[in-house]
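Reviewing the structure listed below.
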Amino acid sequence: MKKAFIIILVLAVLVAGGWYFLSQRNGNTAKTSNTNILNPQNLYTVQKASFNATISSNGRIKPVEEKDLYFLTSGRVEEIKFEEGDIVKEGQLLATLDNLSEELSLARAKNNYDQAMISSTSTVKKEKLLEYQIAEKNYNNTFLYAPFSGLITSVDVEVNDQVNMSRKIIHLIDNSSYIIELNIDEVDLSQIEKNQKVTIVLEAYPDMLLRGEITKIGLVAENQGGVVMIPVEVKVPTTDPRVKSGLSASAEIIVGQVKNELVVPVTAVTEKNGKSIIMKKEGDTVKPVKVTTGISNDIMISVVDGLDEGDQIVANNFTAISAIRDPNLNSMQGMFKQGAKMGGQR
């Protein structure tokens, strides 16, 4: 009997000691969790700021208009008036073919037409008029004019070369503005609109910032390597001589703007059941508060309602969630479950 009593007494001491040890350990864990959460390195002071929400894409820059120029007849190149790199204006004469034969034919046709107008039947008059018009067209085809103002990027023939209508003579680009053709993922299409502003950086000149706007959104989607993309055209008005056709460009389409609004890091926001939750510091502890969020740039997110300027919040909710799952913080535990989505809404 005495032996049984001793065994029971020992067991009671062990149970009591174990309970004390566990309670002390859990208490220290709670204190440590709270201390970690309230570490200044984990806190962010809510403040106002401005930023742009953007969608990124890459492409190549090219002129708003460019054209290969050809003579509309065959012959020998007699004169080239400009060189590669020259700027020309719309309507300027660029090159001519040897046209003595065409000039003679035109003079004869003009003379015959004038004579017919004096003393010929209407049928003869019409015939001579047609001959004159054909001779004039043949003569005019020996001249090559600039169809628009721009920059000559190549001259592909030399004086005395024999050319035909398929031989390229000059390549001309309109260098008053450029375009970039981008491909946008279909998931972002709902945010894309014409006239949206775009910032562009050329890979060749990373310190030069260009600005443009969306002028065209494709009507047909394209499957590119299993990803559905929408072609989008951006116009970039610039005459900077550093901009050259074919250069690689990175574009940021501005799809939203935050101007002097309350913002927090996206890592401070937890999404659960359609609600946005932020852990707010109150005294020596933190508590979850429901907020209404707005535009995000994937780094910061605006807060429309639920916080005030100067509030301190947990900058990374992973720390906060880990702490509130501690059994000793069960007053907050019910608001979060495993699998809560981290991050801000876009």
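Residue numbering restarts at 1 in every chain; chains get A, B, ... in the order shown in the structure tokens, and ligands count up from 1 in that same order.
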Which neighbours of Asn52 (chain A) fall inside 9 Å, counting only C-alpha atoms, when residues of the same chain fewer than 5 positions from it are skipped, and could you give them as a PDB file with C-alpha atoms, in the first residue's frame?
```pdb
ATOM      1  CA  ILE A 254       0.536  52.856 -67.498  1.00  0.00           C
ATOM      2  CA  VAL A 255      -2.776  51.179 -66.594  1.00  0.00           C
ATOM      3  CA  GLY A 256      -3.402  53.007 -63.301  1.00  0.00           C
ATOM      4  CA  GLN A 257      -2.086  55.855 -61.175  1.00  0.00           C
ATOM      5  CA  VAL A 258      -1.955  56.471 -57.442  1.00  0.00           C
ATOM      6  CA  LYS A 259      -1.520  60.122 -56.547  1.00  0.00           C
ATOM      7  CA  ILE A 295      -4.282  49.960 -57.316  1.00  0.00           C
ATOM      8  CA  SER A 296      -1.054  47.978 -57.012  1.00  0.00           C
ATOM      9  CA  ASN A 297       2.271  48.069 -58.817  1.00  0.00           C
TER      10      ASN A 297
END
```
Quiz item: Near region 147-151 of chain A, counting only C-alpha atoms, which residues have an atom at most 12 Å away, once you skip same-chain residues fewer than 5 positions from it, shown as a ChimeraX atom specification?
Solution: /A:63-70,82-94,170-178,239,241,244-245
Self-check item: Between CA of Ala107 (chain A) and CA of Lys125 (chain A) - distance in Å to one decimal
Solution: 16.4 Å
Practice problem: Write out as an NGL selection string which residues come within 6 Å of Tyr113 (chain A) when counting only C-alpha atoms, dropping same-chain ones fewer than 3 positions away. | Solution: :A and (110 or 116 or 128-129)
Save the residues we just selected, all heavy atoms, as a PDB file, in the first residue's frame?
```
ATOM      1  N   LYS A 110       3.015  66.009-128.121  1.00  0.00           N
ATOM      2  CA  LYS A 110       2.412  67.308-127.803  1.00  0.00           C
ATOM      3  C   LYS A 110       2.150  68.098-129.088  1.00  0.00           C
ATOM      4  O   LYS A 110       1.075  68.716-129.259  1.00  0.00           O
ATOM      5  CB  LYS A 110       3.350  68.098-126.889  1.00  0.00           C
ATOM      6  CG  LYS A 110       2.861  69.505-126.530  1.00  0.00           C
ATOM      7  CD  LYS A 110       1.611  69.463-125.676  1.00  0.00           C
ATOM      8  CE  LYS A 110       1.322  70.806-125.012  1.00  0.00           C
ATOM      9  NZ  LYS A 110       1.103  71.898-125.985  1.00  0.00           N
ATOM     10  N   ALA A 116      -3.812  68.529-134.114  1.00  0.00           N
ATOM     11  CA  ALA A 116      -5.122  67.897-134.224  1.00  0.00           C
ATOM     12  C   ALA A 116      -6.231  68.783-133.685  1.00  0.00           C
ATOM     13  O   ALA A 116      -7.374  68.762-134.186  1.00  0.00           O
ATOM     14  CB  ALA A 116      -5.111  66.555-133.495  1.00  0.00           C
ATOM     15  N   LYS A 128      -4.964  61.594-130.532  1.00  0.00           N
ATOM     16  CA  LYS A 128      -3.739  62.348-130.282  1.00  0.00           C
ATOM     17  C   LYS A 128      -3.609  62.761-128.810  1.00  0.00           C
ATOM     18  O   LYS A 128      -2.493  62.835-128.280  1.00  0.00           O
ATOM     19  CB  LYS A 128      -3.697  63.595-131.167  1.00  0.00           C
ATOM     20  CG  LYS A 128      -3.658  63.289-132.666  1.00  0.00           C
ATOM     21  CD  LYS A 128      -2.499  62.348-132.994  1.00  0.00           C
ATOM     22  CE  LYS A 128      -2.464  61.979-134.471  1.00  0.00           C
ATOM     23  NZ  LYS A 128      -1.393  61.010-134.796  1.00  0.00           N
ATOM     24  N   LEU A 129      -4.753  62.972-128.175  1.00  0.00           N
ATOM     25  CA  LEU A 129      -4.728  63.282-126.745  1.00  0.00           C
ATOM     26  C   LEU A 129      -4.214  62.085-125.947  1.00  0.00           C
ATOM     27  O   LEU A 129      -3.376  62.227-125.048  1.00  0.00           O
ATOM     28  CB  LEU A 129      -6.117  63.687-126.263  1.00  0.00           C
ATOM     29  CG  LEU A 129      -6.275  63.880-124.747  1.00  0.00           C
ATOM     30  CD1 LEU A 129      -5.345  64.997-124.259  1.00  0.00           C
ATOM     31  CD2 LEU A 129      -7.723  64.179-124.390  1.00  0.00           C
TER      32      LEU A 129
END
```
Show me, as a CSV table (one decimal) with N, CA and C atoms, in the first residue's frame, the residues that have an atom within 12 Å of Val124 (chain A) when counting only C-alpha atoms, minus same-chain residues fewer than 6 positions from it.
```csv
chain,number,residue,atom,x,y,z
A,112,ASN,N,1.7,66.9,-132.2
A,112,ASN,CA,0.6,66.2,-132.9
A,112,ASN,C,-0.7,66.5,-132.3
A,113,TYR,N,-0.8,66.6,-131.0
A,113,TYR,CA,-2.0,66.9,-130.3
A,113,TYR,C,-2.5,68.3,-130.6
A,114,ASP,N,-1.5,69.2,-130.6
A,114,ASP,CA,-1.8,70.7,-130.9
A,114,ASP,C,-2.3,70.8,-132.3
A,115,GLN,N,-1.7,70.1,-133.2
A,115,GLN,CA,-2.1,70.2,-134.6
A,115,GLN,C,-3.6,69.6,-134.8
A,116,ALA,N,-3.8,68.5,-134.1
A,116,ALA,CA,-5.1,67.9,-134.2
A,116,ALA,C,-6.2,68.8,-133.7
A,117,MET,N,-5.9,69.5,-132.7
A,117,MET,CA,-6.9,70.4,-132.1
A,117,MET,C,-7.4,71.5,-133.1
A,118,ILE,N,-6.5,71.8,-134.1
A,118,ILE,CA,-6.8,72.9,-135.0
A,118,ILE,C,-7.8,72.4,-136.1
A,130,LEU,N,-4.7,60.9,-126.3
A,130,LEU,CA,-4.3,59.7,-125.6
A,130,LEU,C,-2.8,59.4,-125.8
A,131,GLU,N,-2.3,59.7,-127.0
A,131,GLU,CA,-0.9,59.5,-127.3
A,131,GLU,C,0.0,60.5,-126.5
```
Practice problem: Could you give me, as a VMD selection string, each residue of region 91-332 of chain A that DSSP assigns to helix (DSSP H, G or I) when run on this structure's backbone? | Solution: chain A and resid 100 to 119 122 to 140 186 to 191 266 to 268 317 to 324 327 to 332
Quiz prompt | Which residue of A:Thr293, A:Glu181, A:Asn316, A:Val263 approaches Phe51 (chain A) most closely, using only C-alpha atoms | solution = A:Val263
Practice problem: Please identify which residues in region 67-315 of chain A DSSP calls strand (DSSP E) from the backbone, and express them as number ranges by chain. | Solution: A: 67-69, 75-80, 87-88, 93-97, 143-145, 150-155, 162-163, 170-173, 178-185, 197-202, 205-217, 222-224, 227-236, 248-265, 270-272, 275-282, 285-296, 300-305, 312-314
Distance table requested - region 38-129 of chain A against region 211-232 of chain A, cut-off 12 Å, only C-alpha atoms: one row per qualifying residue with the closest atom pair and its distance in Å to one decimal, ordered by chain and rising residue number, as a Markdown table.
```
| residue | atom | partner | partner_atom | distance |
| --- | --- | --- | --- | --- |
| A:Ser57 | CA | A:Val232 | CA | 10.0 |
| A:Asn58 | CA | A:Val232 | CA | 11.0 |
| A:Gly59 | CA | A:Val232 | CA | 10.2 |
| A:Ile61 | CA | A:Gly212 | CA | 11.7 |
| A:Val64 | CA | A:Thr215 | CA | 11.4 |
```
Only C-alpha atoms, please: the residues just picked out, written as an mmCIF file, in the first residue's frame.
```
data_model
loop_
_atom_site.group_PDB
_atom_site.id
_atom_site.type_symbol
_atom_site.label_atom_id
_atom_site.label_comp_id
_atom_site.auth_asym_id
_atom_site.auth_seq_id
_atom_site.Cartn_x
_atom_site.Cartn_y
_atom_site.Cartn_z
ATOM 1 C CA SER A 57 6.322 44.251 -72.636
ATOM 2 C CA ASN A 58 9.205 44.229 -75.102
ATOM 3 C CA GLY A 59 9.422 44.970 -78.795
ATOM 4 C CA ILE A 61 11.126 50.233 -82.585
ATOM 5 C CA VAL A 64 5.784 55.158 -88.387
#
```
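If you measure from each of A:Val304, A:Val314, A:Ile179, A:Val198 to Ser248 (chain A) using only C-alpha atoms, the closest one turns out to be A:Ile179.
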Quiz item: Using only C-alpha atoms, which residues sit within 9 Å of Lys287 (chain A) once same-chain residues fewer than 6 positions away are excluded, as a ChimeraX atom specification?
Solution: /A:278-281,332
Given the selection you just returned, output its residues as a file containing all heavy atoms, formatted as a PDB file, in the first residue's frame.
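out-v2.pdb, written as the output of this step:
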```pdb
ATOM      1  N   ILE A 278      -4.929  43.344 -42.839  1.00  0.00           N
ATOM      2  CA  ILE A 278      -3.606  43.852 -42.492  1.00  0.00           C
ATOM      3  C   ILE A 278      -3.448  43.773 -40.978  1.00  0.00           C
ATOM      4  O   ILE A 278      -4.392  44.019 -40.229  1.00  0.00           O
ATOM      5  CB  ILE A 278      -3.426  45.307 -42.987  1.00  0.00           C
ATOM      6  CG1 ILE A 278      -3.265  45.331 -44.506  1.00  0.00           C
ATOM      7  CG2 ILE A 278      -2.235  45.982 -42.317  1.00  0.00           C
ATOM      8  CD1 ILE A 278      -3.103  46.716 -45.098  1.00  0.00           C
ATOM      9  N   MET A 279      -2.245  43.406 -40.520  1.00  0.00           N
ATOM     10  CA  MET A 279      -1.972  43.351 -39.095  1.00  0.00           C
ATOM     11  C   MET A 279      -1.483  44.720 -38.631  1.00  0.00           C
ATOM     12  O   MET A 279      -0.430  45.208 -39.056  1.00  0.00           O
ATOM     13  CB  MET A 279      -0.915  42.283 -38.794  1.00  0.00           C
ATOM     14  CG  MET A 279      -1.310  40.885 -39.243  1.00  0.00           C
ATOM     15  SD  MET A 279      -2.850  40.319 -38.504  1.00  0.00           S
ATOM     16  CE  MET A 279      -2.369  40.241 -36.788  1.00  0.00           C
ATOM     17  N   LYS A 280      -2.253  45.356 -37.746  1.00  0.00           N
ATOM     18  CA  LYS A 280      -1.974  46.713 -37.275  1.00  0.00           C
ATOM     19  C   LYS A 280      -1.446  46.673 -35.832  1.00  0.00           C
ATOM     20  O   LYS A 280      -1.975  45.964 -34.983  1.00  0.00           O
ATOM     21  CB  LYS A 280      -3.246  47.546 -37.353  1.00  0.00           C
ATOM     22  CG  LYS A 280      -3.119  48.967 -36.821  1.00  0.00           C
ATOM     23  CD  LYS A 280      -4.472  49.676 -36.915  1.00  0.00           C
ATOM     24  CE  LYS A 280      -4.438  51.033 -36.249  1.00  0.00           C
ATOM     25  NZ  LYS A 280      -5.760  51.703 -36.282  1.00  0.00           N
ATOM     26  N   LYS A 281      -0.407  47.458 -35.564  1.00  0.00           N
ATOM     27  CA  LYS A 281       0.178  47.533 -34.226  1.00  0.00           C
ATOM     28  C   LYS A 281      -0.709  48.402 -33.340  1.00  0.00           C
ATOM     29  O   LYS A 281      -1.077  49.512 -33.685  1.00  0.00           O
ATOM     30  CB  LYS A 281       1.580  48.134 -34.293  1.00  0.00           C
ATOM     31  CG  LYS A 281       2.265  48.293 -32.939  1.00  0.00           C
ATOM     32  CD  LYS A 281       3.656  48.874 -33.120  1.00  0.00           C
ATOM     33  CE  LYS A 281       4.371  49.035 -31.771  1.00  0.00           C
ATOM     34  NZ  LYS A 281       3.745  50.059 -30.924  1.00  0.00           N
ATOM     35  N   MET A 332      -6.953  35.610 -32.195  1.00  0.00           N
ATOM     36  CA  MET A 332      -6.812  36.031 -33.586  1.00  0.00           C
ATOM     37  C   MET A 332      -6.721  34.846 -34.533  1.00  0.00           C
ATOM     38  O   MET A 332      -6.853  34.991 -35.729  1.00  0.00           O
ATOM     39  CB  MET A 332      -5.549  36.899 -33.751  1.00  0.00           C
ATOM     40  CG  MET A 332      -5.638  38.258 -33.113  1.00  0.00           C
ATOM     41  SD  MET A 332      -4.183  39.263 -33.436  1.00  0.00           S
ATOM     42  CE  MET A 332      -3.013  38.519 -32.317  1.00  0.00           C
TER      43      MET A 332
END
```
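For Ser166 (chain A), the non-local neighbours within 10 Å, defined as residues at least 2 positions apart in the same chain or in other chains and counting only C-alpha atoms, are A:Leu69, A:Tyr70, A:Phe71, A:Leu72, A:Thr73, A:Ser74, A:Val163, A:Asn164, A:Lys168, A:Ile169.
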Quiz prompt | Pairwise distance for CA of Pro206 (chain A) and CA of Ser50 (chain A), rounded to one decimal in Å | solution = 23.4 Å
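Nearest to Glu271 (chain A) of all the residues A:Leu202, A:Val291, A:Ile184, A:Leu247 is A:Val291, based on only C-alpha atoms.
Minimum atom-to-atom distances from A:Ala268, A:Ile313, A:Val243, A:Leu262 to Glu282 (chain A) were compared using only C-alpha atoms, and the lowest value belongs to A:Ile313.
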